[in-house]
Amino acid sequence: MSQKTKYYGRLLIVMLLVALVGVTACGKKEETSEASVITKVDDLAGKNIGVQLGTTGDIYASDYEEQGSKIERYNKAADAVQALKLGRIDCIVLDENPAKKFVENNPELKILDEEFAVEEYAICISKENTELKEKINGAITQIKEDGTLDSIVKNYIGDDTKGKYPYEPKADVERTNGTLIMATNAAFEPYEYMQNGEITGIDVDMGWAICDLLGMELKIENIEFDAIINAVQSGKADVGIAGMTITEDRLKSIDFTQPYTTATQVIIVKDNDAGDSASFVEKLKNNFVTENRWKFIVTGLVTTLQISFFAVLIGIVLGFIIAILRSSCDKTGKAKALNWVLKAYLTIIRGTPAMIQLLIIYYVIFASTDINKVIVAIIAFGLNSSAYIAEIVRSGIMSIDDGQLEAGRSLGFTYAQSMWYFILPQAFKNVLPALGNEFIVLIKETSISGYIGIVDLTRGGDYIRSRTYEAFIPLIAVALVYLVIVMVLSWLVGRMERRLKRDER
């Protein structure tokens, strides 16, 4: 059997396994016992409750842990919805308006008539930024009094008024007072969500209305909800506008403006009397064809490849330098201080998660600079990769017999020349499979880039989920794209290995 036949055979097996998992997940139905039925708020005790991490629903639902309830926290409300549909949890606690959108797109779900809690949304702002807080409070008061805020809300909520009151930023405003950076999480329709590739919603329009009064430009940073307060505290954003409620715990670290709207927390449960949901073909069309949502995947893929390519370049260059220096220190016994510093660097980088490193570089090291986030990601992943590449290359160098270095020196080559012409080429051939694997791992690690608001491949899938309220199909699509990338890279590395082996002959 040829290598090519084996390759395509493995590809077919993988695809079949993925399809089998998909069919199983889509077709899985779990029986609902009488004990798990929720019809009112009092039934929450002892149930599995799904919430979006860091939201008010998370805070309120946590009170039920003392009554035996288990709180399942998800980064995206869409993930909680998928878990509810599969029977992993018994209900979801969520804001009413986003909940209505989920139920509208998932007929097998319903909202209980009884309200869970009533809350007020406000804009979070740094405790030190009192001057800006006063200005924004004045602007909120004005747009409330002149009816602008009511008009904005009616444009997104209400069957009779939706779409009839679009807010347009004023063209005649002199925006000479700088830029207001707004941190949000565009997965909370109707307050903030993606539509036709742009972030829109009540909070976005309100942000522009405030900037019109303050004479400022509005810049929107789309990040994870539980990272918004950190972004405001670190100065990466001036304000956080994302359907955020004032709580005692939040007030310990952040300040808030006056409330701008009242919202209700509701409970989403399964509707056992609901009819059949949309067909698979309809779901595919809704996820990728409607509003050209496939572009999110393509745009995210380009960004992922861009970050991965430049990060691996940094990793290779820095990793080889560190490996050569460490190998030289180990072989000669010199420069012990330098060797200790390099060991400390490798220990720190390899001993801490890549996400923590990314957040530290973005929110701490580059806190006071307006650096491009893609560059931040390239630096973060490049440094992370360099530590692993350094140890891979060092092991390859140390595997080469010392006699070859000595032979090179005896022929009149310097130490550096001997390393370059004799040791490194052999070491590279020895470690090539490990280097290829490191590149593959790096590509998959970039999936956390969305945590600082980068639209990578994973984030592109998240955007689709935030609009379609369907988790399974976008996740499988993203997974298949990653799978194809990894298989292509594996094939290229294998081909390079075979070529190097032929050269040895």
# chains A, B, ... in the order shown; residues from 1 in each chain; ligands from 1

$ residues_around --residues "A:Glu406" --least-positions-apart "4" --cutoff "12 Å" --atoms "only C-alpha atoms" --output "MDAnalysis selection string"
chainID A and resid 331 400:402 410:415 417:419 422:423

$ select_by_dssp --residues "stretch 169-281 of chain A" --states "alpha helix (DSSP H)" --output "JSON, numbers by chain"
{"A": [202, 203, 204, 205, 206, 207, 208, 209, 210, 211, 212, 213, 214, 228, 229, 230, 231, 232, 233, 234, 248, 249, 250, 251, 280, 281]}

$ closest_residue --among "A:Asn292, A:Thr347, A:Thr299, A:Gln82" --to "A:Glu470" --atoms "only C-alpha atoms"
A:Gln82

$ residues_around --residues "stretch 203-220 of chain A" --least-positions-apart "5" --cutoff "8 Å" --atoms "only C-alpha atoms" --output "count of residues only"
29

$ residues_around --residues "A:Ser449" --least-positions-apart "2" --cutoff "12 Å" --atoms "only C-alpha atoms" --output "ChimeraX atom specification"
/A:222-224,300,303-304,307-308,354-359,362,373-381,442-447,451-460

$ atom_distance --atom1 "atom CA of A:Gly351" --atom2 "atom CA of A:Ser386"
13.4 Å

$ residues_around --residues "stretch 320-323 of chain A" --least-positions-apart "2" --cutoff "8 Å" --atoms "only C-alpha atoms" --output "list in words"
Ile316, Val317, Leu318, Leu325, Arg326, Ser327, Leu342, Ile389, Ala390, Glu391, Val393 and Arg394 of chain A

$ write_last_selection --atoms "all heavy atoms" --output "compact mmCIF listing (two decimals), in the first residue's frame"
# COMPACT_ATOMS: atom_id res chain seq x y z
N ILE A 316 11.70 30.42 16.50
CA ILE A 316 12.86 29.73 15.93
C ILE A 316 14.13 30.52 16.14
O ILE A 316 15.15 29.98 16.59
CB ILE A 316 12.62 29.46 14.43
CG1 ILE A 316 11.55 28.37 14.25
CG2 ILE A 316 13.92 29.04 13.74
CD1 ILE A 316 11.14 28.15 12.82
N VAL A 317 14.10 31.81 15.83
CA VAL A 317 15.30 32.64 15.97
C VAL A 317 15.74 32.71 17.43
O VAL A 317 16.91 32.42 17.76
CB VAL A 317 15.05 34.07 15.42
CG1 VAL A 317 16.23 34.97 15.72
CG2 VAL A 317 14.79 34.01 13.91
N LEU A 318 14.82 33.08 18.30
CA LEU A 318 15.17 33.21 19.72
C LEU A 318 15.49 31.85 20.33
O LEU A 318 16.42 31.72 21.14
CB LEU A 318 14.00 33.86 20.46
CG LEU A 318 14.24 34.26 21.93
CD1 LEU A 318 15.45 35.18 22.05
CD2 LEU A 318 13.01 34.94 22.51
N LEU A 325 23.51 29.14 23.04
CA LEU A 325 24.17 29.70 24.22
C LEU A 325 24.19 28.70 25.37
O LEU A 325 25.23 28.52 26.03
CB LEU A 325 23.45 30.99 24.65
CG LEU A 325 23.59 32.19 23.70
CD1 LEU A 325 22.73 33.35 24.19
CD2 LEU A 325 25.05 32.63 23.61
N ARG A 326 23.06 28.04 25.62
CA ARG A 326 23.00 27.07 26.72
C ARG A 326 23.90 25.87 26.46
O ARG A 326 24.57 25.37 27.36
CB ARG A 326 21.57 26.60 26.93
CG ARG A 326 20.69 27.61 27.67
CD ARG A 326 19.65 26.91 28.50
NE ARG A 326 20.29 26.06 29.50
CZ ARG A 326 19.77 24.93 29.97
NH1 ARG A 326 18.61 24.50 29.52
NH2 ARG A 326 20.40 24.22 30.88
N SER A 327 23.93 25.43 25.21
CA SER A 327 24.79 24.29 24.87
C SER A 327 26.26 24.65 25.05
O SER A 327 27.05 23.84 25.56
CB SER A 327 24.54 23.86 23.42
OG SER A 327 23.21 23.45 23.23
N LEU A 342 19.17 32.19 31.48
CA LEU A 342 18.44 31.48 30.43
C LEU A 342 17.59 30.36 31.00
O LEU A 342 16.45 30.15 30.57
CB LEU A 342 19.43 30.92 29.40
CG LEU A 342 20.21 31.96 28.59
CD1 LEU A 342 21.21 31.28 27.67
CD2 LEU A 342 19.28 32.84 27.78
N ILE A 389 11.16 25.54 21.76
CA ILE A 389 12.09 25.30 20.66
C ILE A 389 13.52 25.26 21.17
O ILE A 389 14.34 24.45 20.71
CB ILE A 389 11.92 26.37 19.57
CG1 ILE A 389 10.57 26.19 18.86
CG2 ILE A 389 13.06 26.33 18.56
CD1 ILE A 389 10.26 27.24 17.81
N ALA A 390 13.84 26.12 22.14
CA ALA A 390 15.20 26.16 22.70
C ALA A 390 15.59 24.81 23.28
O ALA A 390 16.69 24.31 23.04
CB ALA A 390 15.29 27.25 23.76
N GLU A 391 14.69 24.20 24.02
CA GLU A 391 15.01 22.91 24.63
C GLU A 391 15.03 21.79 23.60
O GLU A 391 15.82 20.84 23.72
CB GLU A 391 13.99 22.59 25.73
CG GLU A 391 14.16 23.44 26.99
CD GLU A 391 15.53 23.24 27.61
OE1 GLU A 391 15.72 22.26 28.36
OE2 GLU A 391 16.44 24.05 27.33
N VAL A 393 15.96 22.16 20.38
CA VAL A 393 17.21 22.31 19.64
C VAL A 393 18.40 21.95 20.52
O VAL A 393 19.36 21.31 20.06
CB VAL A 393 17.33 23.75 19.08
CG1 VAL A 393 18.68 23.96 18.43
CG2 VAL A 393 16.21 24.03 18.09
N ARG A 394 18.37 22.36 21.78
CA ARG A 394 19.49 22.04 22.68
C ARG A 394 19.67 20.54 22.81
O ARG A 394 20.79 20.03 22.81
CB ARG A 394 19.25 22.65 24.06
CG ARG A 394 20.46 22.56 24.99
CD ARG A 394 20.17 23.19 26.33
NE ARG A 394 19.27 22.38 27.12
CZ ARG A 394 19.66 21.39 27.94
NH1 ARG A 394 20.94 21.09 28.06
NH2 ARG A 394 18.77 20.70 28.61

$ closest_residue --among "A:Glu189, A:Asn437, A:Gly46, A:Val93" --to "A:Tyr469" --atoms "only C-alpha atoms"
A:Glu189

$ residues_around --residues "A:Gly240" --least-positions-apart "3" --cutoff "10 Å" --atoms "only C-alpha atoms" --output "list in words"
Ala122, Ile123, Cys124, Ile125, Ser126, Ile181, Met182, Ala183, Thr184, Asn185, Asp203, Ile220, Glu221, Phe225, Ala227, Ile228, Ile229, Asn230, Ala231, Val232, Gln233, Ala237, Gly243, Met244 and Phe256 of chain A

$ write_last_selection --atoms "N, CA and C atoms" --output "tab-separated table (two decimals), in the first residue's frame"
chain	number	residue	atom	x	y	z
A	122	ALA	N	-25.37	49.71	34.01
A	122	ALA	CA	-24.62	50.97	34.05
A	122	ALA	C	-23.30	50.78	33.32
A	123	ILE	N	-22.58	51.86	33.12
A	123	ILE	CA	-21.28	51.84	32.44
A	123	ILE	C	-20.18	51.75	33.48
A	124	CYS	N	-19.29	50.77	33.37
A	124	CYS	CA	-18.19	50.68	34.34
A	124	CYS	C	-17.04	51.56	33.89
A	125	ILE	N	-16.36	52.14	34.87
A	125	ILE	CA	-15.29	53.11	34.60
A	125	ILE	C	-14.30	53.07	35.76
A	126	SER	N	-13.07	53.40	35.50
A	126	SER	CA	-12.03	53.36	36.54
A	126	SER	C	-12.35	54.32	37.67
A	181	ILE	N	-12.58	54.76	24.31
A	181	ILE	CA	-12.42	53.34	24.04
A	181	ILE	C	-13.42	52.55	24.88
A	182	MET	N	-14.29	51.83	24.20
A	182	MET	CA	-15.38	51.10	24.86
A	182	MET	C	-15.11	49.60	24.76
A	183	ALA	N	-14.98	48.94	25.90
A	183	ALA	CA	-14.82	47.48	25.94
A	183	ALA	C	-16.20	46.85	26.04
A	184	THR	N	-16.44	45.83	25.23
A	184	THR	CA	-17.73	45.15	25.25
A	184	THR	C	-17.56	43.69	24.88
A	185	ASN	N	-18.64	42.95	24.89
A	185	ASN	CA	-18.64	41.55	24.46
A	185	ASN	C	-19.82	41.36	23.52
A	203	ASP	N	-26.20	49.25	23.34
A	203	ASP	CA	-25.04	49.86	24.02
A	203	ASP	C	-24.13	50.59	23.04
A	220	ILE	N	-14.42	50.68	19.60
A	220	ILE	CA	-14.99	49.53	20.30
A	220	ILE	C	-14.00	48.39	20.33
A	221	GLU	N	-13.73	47.85	21.53
A	221	GLU	CA	-12.87	46.68	21.71
A	221	GLU	C	-13.76	45.52	22.12
A	225	PHE	N	-16.39	38.77	28.18
A	225	PHE	CA	-17.12	39.56	29.17
A	225	PHE	C	-16.36	39.68	30.49
A	227	ALA	N	-13.34	39.79	31.01
A	227	ALA	CA	-12.09	40.54	30.90
A	227	ALA	C	-12.34	42.04	30.78
A	228	ILE	N	-13.60	42.44	30.73
A	228	ILE	CA	-13.92	43.86	30.52
A	228	ILE	C	-13.43	44.72	31.68
A	229	ILE	N	-13.73	44.30	32.90
A	229	ILE	CA	-13.31	45.10	34.07
A	229	ILE	C	-11.80	45.22	34.11
A	230	ASN	N	-11.08	44.13	33.80
A	230	ASN	CA	-9.61	44.19	33.78
A	230	ASN	C	-9.12	45.18	32.73
A	231	ALA	N	-9.79	45.21	31.58
A	231	ALA	CA	-9.39	46.12	30.51
A	231	ALA	C	-9.56	47.58	30.95
A	232	VAL	N	-10.65	47.87	31.68
A	232	VAL	CA	-10.88	49.23	32.16
A	232	VAL	C	-9.89	49.58	33.27
A	233	GLN	N	-9.64	48.65	34.18
A	233	GLN	CA	-8.70	48.90	35.26
A	233	GLN	C	-7.29	49.16	34.75
A	237	ALA	N	-9.05	50.19	28.11
A	237	ALA	CA	-10.35	50.74	27.69
A	237	ALA	C	-10.73	51.83	28.68
A	243	GLY	N	-24.03	45.61	29.09
A	243	GLY	CA	-25.13	45.10	29.91
A	243	GLY	C	-24.64	44.69	31.28
A	244	MET	N	-23.89	45.57	31.93
A	244	MET	CA	-23.23	45.25	33.20
A	244	MET	C	-24.00	45.86	34.37
A	256	PHE	N	-18.92	52.92	38.65
A	256	PHE	CA	-20.01	52.87	37.66
A	256	PHE	C	-20.64	54.25	37.51
